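To be precise, the following lines are target02.cif, and they hold mmCIF, C-alpha atoms.
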```
data_structure
loop_
_atom_site.label_atom_id
_atom_site.label_comp_id
_atom_site.auth_asym_id
_atom_site.auth_seq_id
_atom_site.Cartn_x
_atom_site.Cartn_y
_atom_site.Cartn_z
CA MET A 1 -51.03 12.20 52.33
CA ALA A 2 -54.44 12.56 50.70
CA ILE A 3 -54.37 14.31 47.34
CA GLU A 4 -57.32 16.51 46.46
CA THR A 5 -58.32 16.76 42.79
CA ASP A 6 -60.47 19.24 40.94
CA GLY A 7 -62.68 16.62 39.23
CA VAL A 8 -61.22 17.23 35.76
CA SER A 9 -59.50 14.36 33.94
CA VAL A 10 -55.91 15.10 32.94
CA VAL A 11 -56.47 13.44 29.56
CA GLY A 12 -59.43 13.82 27.22
CA GLN A 13 -60.38 17.27 28.42
CA ARG A 14 -62.07 18.03 25.10
CA GLY A 15 -63.86 14.69 24.96
CA ARG A 16 -63.75 11.15 26.33
CA MET A 17 -65.63 8.98 23.88
CA ALA A 18 -67.11 5.67 24.99
CA VAL A 19 -66.88 3.45 21.90
CA ILE A 20 -69.10 0.36 21.68
CA VAL A 21 -67.89 -2.36 19.28
CA PRO A 22 -68.52 -6.07 18.73
CA SER A 23 -65.73 -8.19 20.23
CA THR A 24 -64.93 -9.38 16.68
CA ASN A 25 -64.13 -5.85 15.43
CA THR A 26 -60.52 -4.83 14.76
CA VAL A 27 -61.00 -1.80 12.50
CA VAL A 28 -62.95 0.79 14.52
CA GLU A 29 -60.29 1.35 17.18
CA HIS A 30 -57.59 1.57 14.51
CA ASP A 31 -59.54 4.16 12.50
CA LEU A 32 -60.38 6.33 15.51
CA ALA A 33 -56.79 6.30 16.74
CA MET A 34 -55.58 7.23 13.25
CA ILE A 35 -57.85 10.28 13.05
CA ARG A 36 -57.87 11.29 16.74
CA PRO A 37 -57.66 15.05 17.36
CA ASP A 38 -55.64 16.40 20.26
CA ASP A 39 -57.04 15.87 23.75
CA VAL A 40 -59.88 13.57 22.69
CA THR A 41 -59.68 10.00 23.98
CA PHE A 42 -61.48 6.75 23.13
CA HIS A 43 -62.52 4.08 25.63
CA THR A 44 -63.89 0.82 24.30
CA GLY A 45 -66.68 -1.40 25.55
CA ARG A 46 -66.74 -4.68 23.63
CA MET A 47 -69.92 -6.66 22.99
CA TYR A 48 -69.18 -10.37 23.29
CA ILE A 49 -69.83 -12.30 20.06
CA GLU A 50 -69.65 -16.04 20.64
CA ASN A 51 -70.62 -17.09 17.11
CA PRO A 52 -69.28 -14.78 14.37
CA ASN A 53 -70.89 -16.62 11.43
CA LEU A 54 -72.54 -14.36 8.85
CA GLY A 55 -72.99 -16.77 5.95
CA SER A 56 -76.75 -16.31 5.52
CA ASP A 57 -79.62 -13.98 6.37
CA GLU A 58 -80.43 -16.20 9.33
CA ASP A 59 -76.83 -16.06 10.57
CA PHE A 60 -76.83 -12.29 10.26
CA GLU A 61 -80.00 -11.92 12.32
CA ALA A 62 -78.59 -14.34 14.90
CA LEU A 63 -75.49 -12.16 15.25
CA LEU A 64 -77.70 -9.14 15.84
CA GLY A 65 -79.36 -11.15 18.58
CA GLN A 66 -75.98 -11.64 20.21
CA ILE A 67 -75.34 -7.90 20.02
CA ARG A 68 -78.68 -7.10 21.61
CA GLN A 69 -77.87 -9.42 24.50
CA SER A 70 -74.35 -8.11 25.11
CA ILE A 71 -74.71 -4.38 24.49
CA VAL A 72 -76.14 -3.67 27.94
CA VAL A 73 -73.05 -5.09 29.67
CA ALA A 74 -70.66 -3.31 27.29
CA ILE A 75 -72.29 0.05 27.98
CA ARG A 76 -72.46 -0.63 31.71
CA ASP A 77 -68.76 -1.38 31.88
CA VAL A 78 -67.40 1.43 29.71
CA THR A 79 -69.46 4.18 31.32
CA THR A 80 -67.67 3.60 34.64
CA CYS A 81 -64.75 5.66 33.21
CA GLN A 82 -67.06 8.72 33.08
CA PRO A 83 -67.04 9.35 29.32
CA THR A 84 -68.59 12.48 27.84
CA HIS A 85 -70.24 10.95 24.73
CA LEU A 86 -71.05 7.52 23.31
CA LEU A 87 -70.01 6.48 19.80
CA MET A 88 -71.52 3.32 18.34
CA GLY A 89 -68.81 1.39 16.49
CA MET A 90 -71.37 -1.07 15.13
CA SER A 91 -73.63 0.03 12.32
CA ALA A 92 -76.09 -2.66 11.21
CA GLU A 93 -78.35 -2.36 14.24
CA THR A 94 -78.49 1.43 13.82
CA PHE A 95 -80.16 1.05 10.41
CA TRP A 96 -82.65 -1.60 11.55
CA GLY A 97 -86.27 -0.48 11.41
CA GLY A 98 -85.63 2.63 9.33
CA ILE A 99 -85.74 6.13 10.78
CA GLU A 100 -87.98 5.10 13.68
CA GLY A 101 -85.84 2.08 14.50
CA ASN A 102 -82.71 4.22 14.59
CA ALA A 103 -84.36 6.81 16.83
CA ALA A 104 -85.58 4.10 19.21
CA PHE A 105 -82.12 2.53 19.33
CA GLU A 106 -80.48 5.86 20.12
CA ALA A 107 -83.03 6.55 22.84
CA ARG A 108 -82.41 3.17 24.51
CA VAL A 109 -78.64 3.58 24.44
CA SER A 110 -78.83 7.15 25.68
CA ASP A 111 -81.20 6.22 28.49
CA GLN A 112 -78.91 3.45 29.67
CA SER A 113 -75.65 5.36 29.38
CA GLY A 114 -76.87 8.82 30.35
CA LEU A 115 -74.89 10.16 27.37
CA SER A 116 -75.51 11.75 24.02
CA VAL A 117 -75.03 9.21 21.23
CA SER A 118 -73.60 9.08 17.72
CA THR A 119 -74.67 6.20 15.46
CA GLY A 120 -73.50 5.33 11.98
CA ALA A 121 -76.97 5.71 10.49
CA THR A 122 -77.51 9.21 11.84
CA ALA A 123 -73.96 10.25 11.03
CA CYS A 124 -74.24 9.18 7.39
CA ARG A 125 -77.60 10.90 7.00
CA GLU A 126 -76.30 14.18 8.41
CA ALA A 127 -73.09 13.95 6.39
CA LEU A 128 -75.03 13.44 3.15
CA ASN A 129 -77.22 16.40 4.01
CA ALA A 130 -74.10 18.50 4.64
CA PHE A 131 -72.97 17.71 1.10
CA GLY A 132 -76.42 18.27 -0.38
CA ALA A 133 -76.48 14.76 -1.84
CA GLU A 134 -79.75 13.42 -3.23
CA ARG A 135 -78.96 10.22 -5.15
CA ILE A 136 -76.61 7.79 -3.44
CA ALA A 137 -75.02 4.37 -3.89
CA VAL A 138 -74.20 2.23 -0.86
CA PHE A 139 -72.07 -0.84 -0.23
CA SER A 140 -71.74 -3.02 2.84
CA PRO A 141 -70.22 -6.30 4.05
CA TYR A 142 -73.73 -7.50 4.88
CA GLN A 143 -76.18 -10.15 3.79
CA PRO A 144 -79.33 -9.12 1.83
CA VAL A 145 -81.52 -8.97 4.95
CA ALA A 146 -79.37 -6.15 6.31
CA ASP A 147 -78.94 -4.38 2.97
CA ARG A 148 -82.72 -4.08 2.74
CA GLN A 149 -82.74 -2.32 6.11
CA VAL A 150 -80.00 0.05 4.94
CA SER A 151 -81.92 0.86 1.77
CA THR A 152 -85.13 1.48 3.71
CA TYR A 153 -83.36 3.79 6.15
CA PHE A 154 -81.81 5.99 3.47
CA SER A 155 -85.04 6.06 1.44
CA GLU A 156 -87.02 7.16 4.51
CA ALA A 157 -84.34 9.80 5.14
CA GLY A 158 -85.18 11.33 1.76
CA PHE A 159 -82.42 9.99 -0.47
CA GLU A 160 -82.82 8.22 -3.79
CA VAL A 161 -80.94 4.94 -3.41
CA ALA A 162 -79.45 3.95 -6.74
CA ALA A 163 -77.86 0.76 -5.42
CA VAL A 164 -77.08 -1.16 -2.26
CA THR A 165 -74.48 -3.86 -2.78
CA GLY A 166 -73.58 -6.31 -0.02
CA LEU A 167 -70.30 -8.24 -0.01
CA ARG A 168 -71.93 -11.13 1.91
CA CYS A 169 -68.90 -11.72 4.10
CA ALA A 170 -68.90 -15.16 5.69
CA SER A 171 -68.13 -14.05 9.22
CA ALA A 172 -67.83 -10.95 11.39
CA THR A 173 -64.04 -11.29 11.42
CA SER A 174 -63.67 -11.87 7.68
CA ILE A 175 -65.10 -8.39 7.06
CA ALA A 176 -61.73 -6.98 8.13
CA GLU A 177 -59.99 -9.17 5.52
CA VAL A 178 -61.59 -7.47 2.49
CA ARG A 179 -58.80 -5.90 0.42
CA PRO A 180 -58.85 -2.41 -1.14
CA ASP A 181 -58.54 -3.83 -4.67
CA GLN A 182 -61.73 -5.81 -4.11
CA LEU A 183 -63.56 -2.65 -3.08
CA VAL A 184 -62.46 -0.84 -6.23
CA ASP A 185 -64.41 -3.36 -8.27
CA VAL A 186 -67.47 -2.92 -6.06
CA ILE A 187 -67.42 0.86 -6.42
CA ASP A 188 -67.01 0.59 -10.18
CA GLN A 189 -70.22 -1.43 -10.26
CA ILE A 190 -72.37 0.97 -8.21
CA ASP A 191 -71.06 4.37 -9.34
CA ASP A 192 -72.13 6.41 -12.33
CA ASP A 193 -72.56 10.09 -13.21
CA SER A 194 -76.05 10.19 -11.71
CA VAL A 195 -74.79 9.27 -8.22
CA ASP A 196 -74.06 12.26 -5.96
CA ALA A 197 -72.26 10.34 -3.21
CA ILE A 198 -71.06 6.86 -2.27
CA VAL A 199 -71.57 5.49 1.24
CA GLN A 200 -69.79 2.57 2.91
CA VAL A 201 -71.40 0.94 5.95
CA GLY A 202 -70.13 -1.86 8.18
CA THR A 203 -67.62 -0.68 10.77
CA ASN A 204 -65.20 -3.63 10.51
CA LEU A 205 -64.62 -2.90 6.82
CA SER A 206 -61.40 -0.91 6.42
CA PHE A 207 -62.15 2.00 4.08
CA VAL A 208 -61.22 5.39 5.59
CA ASN A 209 -58.00 5.98 3.66
CA GLN A 210 -59.36 4.50 0.45
CA ALA A 211 -62.47 6.66 0.64
CA ALA A 212 -60.37 9.82 0.90
CA ALA A 213 -58.36 8.83 -2.17
CA LEU A 214 -61.48 7.94 -4.15
CA GLU A 215 -63.04 11.36 -3.48
CA ALA A 216 -60.21 12.98 -5.40
CA GLU A 217 -60.47 10.43 -8.18
CA LEU A 218 -64.26 10.44 -8.57
CA GLY A 219 -64.94 14.09 -7.77
CA LYS A 220 -67.77 13.34 -5.31
CA PRO A 221 -68.18 12.61 -1.59
CA VAL A 222 -67.24 9.08 -0.57
CA LEU A 223 -68.25 8.41 3.03
CA ALA A 224 -66.51 5.83 5.20
CA ILE A 225 -68.81 5.09 8.11
CA ASN A 226 -66.12 5.19 10.80
CA ALA A 227 -64.96 8.63 9.70
CA ALA A 228 -68.57 9.85 9.46
CA THR A 229 -69.48 8.59 12.93
CA LEU A 230 -66.40 10.19 14.47
CA TRP A 231 -67.21 13.45 12.65
CA HIS A 232 -70.70 13.36 14.12
CA ALA A 233 -69.40 12.63 17.62
CA LEU A 234 -66.82 15.42 17.50
CA ARG A 235 -69.27 18.02 16.25
CA ALA A 236 -71.92 16.88 18.76
CA THR A 237 -69.48 17.55 21.60
CA GLY A 238 -68.22 20.90 20.37
CA VAL A 239 -64.93 19.73 18.83
CA ASP A 240 -64.87 21.65 15.57
CA ASP A 241 -61.35 20.80 14.34
CA ARG A 242 -60.97 20.54 10.58
CA ILE A 243 -58.91 17.38 10.12
CA ALA A 244 -57.16 16.89 6.79
CA GLY A 245 -56.21 13.60 5.18
CA PHE A 246 -59.31 11.54 5.93
CA GLY A 247 -61.86 12.86 3.49
CA ARG A 248 -63.79 16.02 2.79
CA LEU A 249 -66.29 15.56 5.61
CA LEU A 250 -63.74 15.96 8.39
CA ALA A 251 -61.74 18.54 6.46
CA GLU A 252 -64.60 20.82 5.37
CA HIS A 253 -67.63 20.37 7.68
#
```
Translate this file's structure into structure tokens.
Amino acid sequence: MAIETDGVSVVGQRGRMAVIVPSTNTVVEHDLAMIRPDDVTFHTGRMYIENPNLGSDEDFEALLGQIRQSIVVAIRDVTTCQPTHLLMGMSAETFWGGIEGNAAFEARVSDQSGLSVSTGATACREALNAFGAERIAVFSPYQPVADRQVSTYFSEAGFEVAAVTGLRCASATSIAEVRPDQLVDVIDQIDDDSVDAIVQVGTNLSFVNQAAALEAELGKPVLAINAATLWHALRATGVDDRIAGFGRLLAEH
């Protein structure tokens, strides 16, 4: 017996997100699954990272080279499941080259995948605009070469960047080992009354729950990049659910 279907997936009828992550990343999929609204699904394409070392500027740029080589295959593979949108679960490359570099990256990925795209850089910019933030402080797991790119991006986007602090993690996998108590010290160093919002970048850095708690404590927006990128992807695809428990962005905007 041949079964005829109507061409509509039984699951993910409100959205089937293709999620592109480095093969070293363990946090993005966890965070998305934790926040996931009803009838939205996530389907991961992993970019192979042979050498995860991040101990220097040169190591960091070499890792980006690995990403640039493997992203085409990751997108090729994951788009065979017919997703409805593409979410980049890797953030450093999306800040590279400032506003123009981000736009060019999004255009390349969209052209290859045939999908609309959400990147961490664009998501954070639009989230900060939604909150009306002007002066921001940023922290990352990156080396200085990448932090300079992050600072340039936000400056070109019209924000005053009070600080960008990189944790200089030794490898792509060790990013996921950074403890919440260590991040408290980092935020204490970059925050003051003149800062309108705090932004975390680096998708393998676990921060979603801590960011939500810090918003209540500090009385200002604290953006975790994975939550911001998912927010952007949901709103871009018409999913307007207000999701409580993971920060003001998802709950209010």
- Message: Using the chain letters and numbers from this file, what does the PyMOL selection byres ((chain A and resi 12) around 10) select? Give the answer as a VMD selection string.
- Response: chain A and resid 8 to 11 13 to 17 38 to 42 83 to 84
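For the pair CA of Val184 (chain A) and CA of Ala211 (chain A), the separation is 10.2 Å.
When CA of His253 (chain A) is paired with CA of Ala233 (chain A), their separation reads 12.7 Å.
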For region 40-53 of chain A, what centre and edge lengths in Å (one decimal) does the axis-aligned box get once 5 Å is added on each side of all its listed atoms, as lines of an AutoDock Vina configuration file?
```
center_x = -65.3
center_y = -1.8
center_z = 18.5
size_x = 21.2
size_y = 40.7
size_z = 24.2
```
- Item | Test item: the PyMOL selection byres ((chain A and resi 105-114) around 10) resolved as a ChimeraX atom specification | /A:18,71-72,75-80,82-86,88,93-97,99-104,115-119,122
Since we have the selection now, will you write its residues out, keeping C-alpha atoms, as a PDB file, in the frame of the given file?
```pdb
ATOM      1  CA  ALA A  18     -67.110   5.670  24.990  1.00  0.00           C
ATOM      2  CA  ILE A  71     -74.710  -4.380  24.490  1.00  0.00           C
ATOM      3  CA  VAL A  72     -76.140  -3.670  27.940  1.00  0.00           C
ATOM      4  CA  ILE A  75     -72.290   0.050  27.980  1.00  0.00           C
ATOM      5  CA  ARG A  76     -72.460  -0.630  31.710  1.00  0.00           C
ATOM      6  CA  ASP A  77     -68.760  -1.380  31.880  1.00  0.00           C
ATOM      7  CA  VAL A  78     -67.400   1.430  29.710  1.00  0.00           C
ATOM      8  CA  THR A  79     -69.460   4.180  31.320  1.00  0.00           C
ATOM      9  CA  THR A  80     -67.670   3.600  34.640  1.00  0.00           C
ATOM     10  CA  GLN A  82     -67.060   8.720  33.080  1.00  0.00           C
ATOM     11  CA  PRO A  83     -67.040   9.350  29.320  1.00  0.00           C
ATOM     12  CA  THR A  84     -68.590  12.480  27.840  1.00  0.00           C
ATOM     13  CA  HIS A  85     -70.240  10.950  24.730  1.00  0.00           C
ATOM     14  CA  LEU A  86     -71.050   7.520  23.310  1.00  0.00           C
ATOM     15  CA  MET A  88     -71.520   3.320  18.340  1.00  0.00           C
ATOM     16  CA  GLU A  93     -78.350  -2.360  14.240  1.00  0.00           C
ATOM     17  CA  THR A  94     -78.490   1.430  13.820  1.00  0.00           C
ATOM     18  CA  PHE A  95     -80.160   1.050  10.410  1.00  0.00           C
ATOM     19  CA  TRP A  96     -82.650  -1.600  11.550  1.00  0.00           C
ATOM     20  CA  GLY A  97     -86.270  -0.480  11.410  1.00  0.00           C
ATOM     21  CA  ILE A  99     -85.740   6.130  10.780  1.00  0.00           C
ATOM     22  CA  GLU A 100     -87.980   5.100  13.680  1.00  0.00           C
ATOM     23  CA  GLY A 101     -85.840   2.080  14.500  1.00  0.00           C
ATOM     24  CA  ASN A 102     -82.710   4.220  14.590  1.00  0.00           C
ATOM     25  CA  ALA A 103     -84.360   6.810  16.830  1.00  0.00           C
ATOM     26  CA  ALA A 104     -85.580   4.100  19.210  1.00  0.00           C
ATOM     27  CA  LEU A 115     -74.890  10.160  27.370  1.00  0.00           C
ATOM     28  CA  SER A 116     -75.510  11.750  24.020  1.00  0.00           C
ATOM     29  CA  VAL A 117     -75.030   9.210  21.230  1.00  0.00           C
ATOM     30  CA  SER A 118     -73.600   9.080  17.720  1.00  0.00           C
ATOM     31  CA  THR A 119     -74.670   6.200  15.460  1.00  0.00           C
ATOM     32  CA  THR A 122     -77.510   9.210  11.840  1.00  0.00           C
TER      33      THR A 122
END
```
- Item | Hits from the PyMOL selection byres ((chain A and resi 64) around 12), listed as a PyMOL selection string | chain A and resi 22+47-54+57-63+65-71+90-96+142+145-146+172
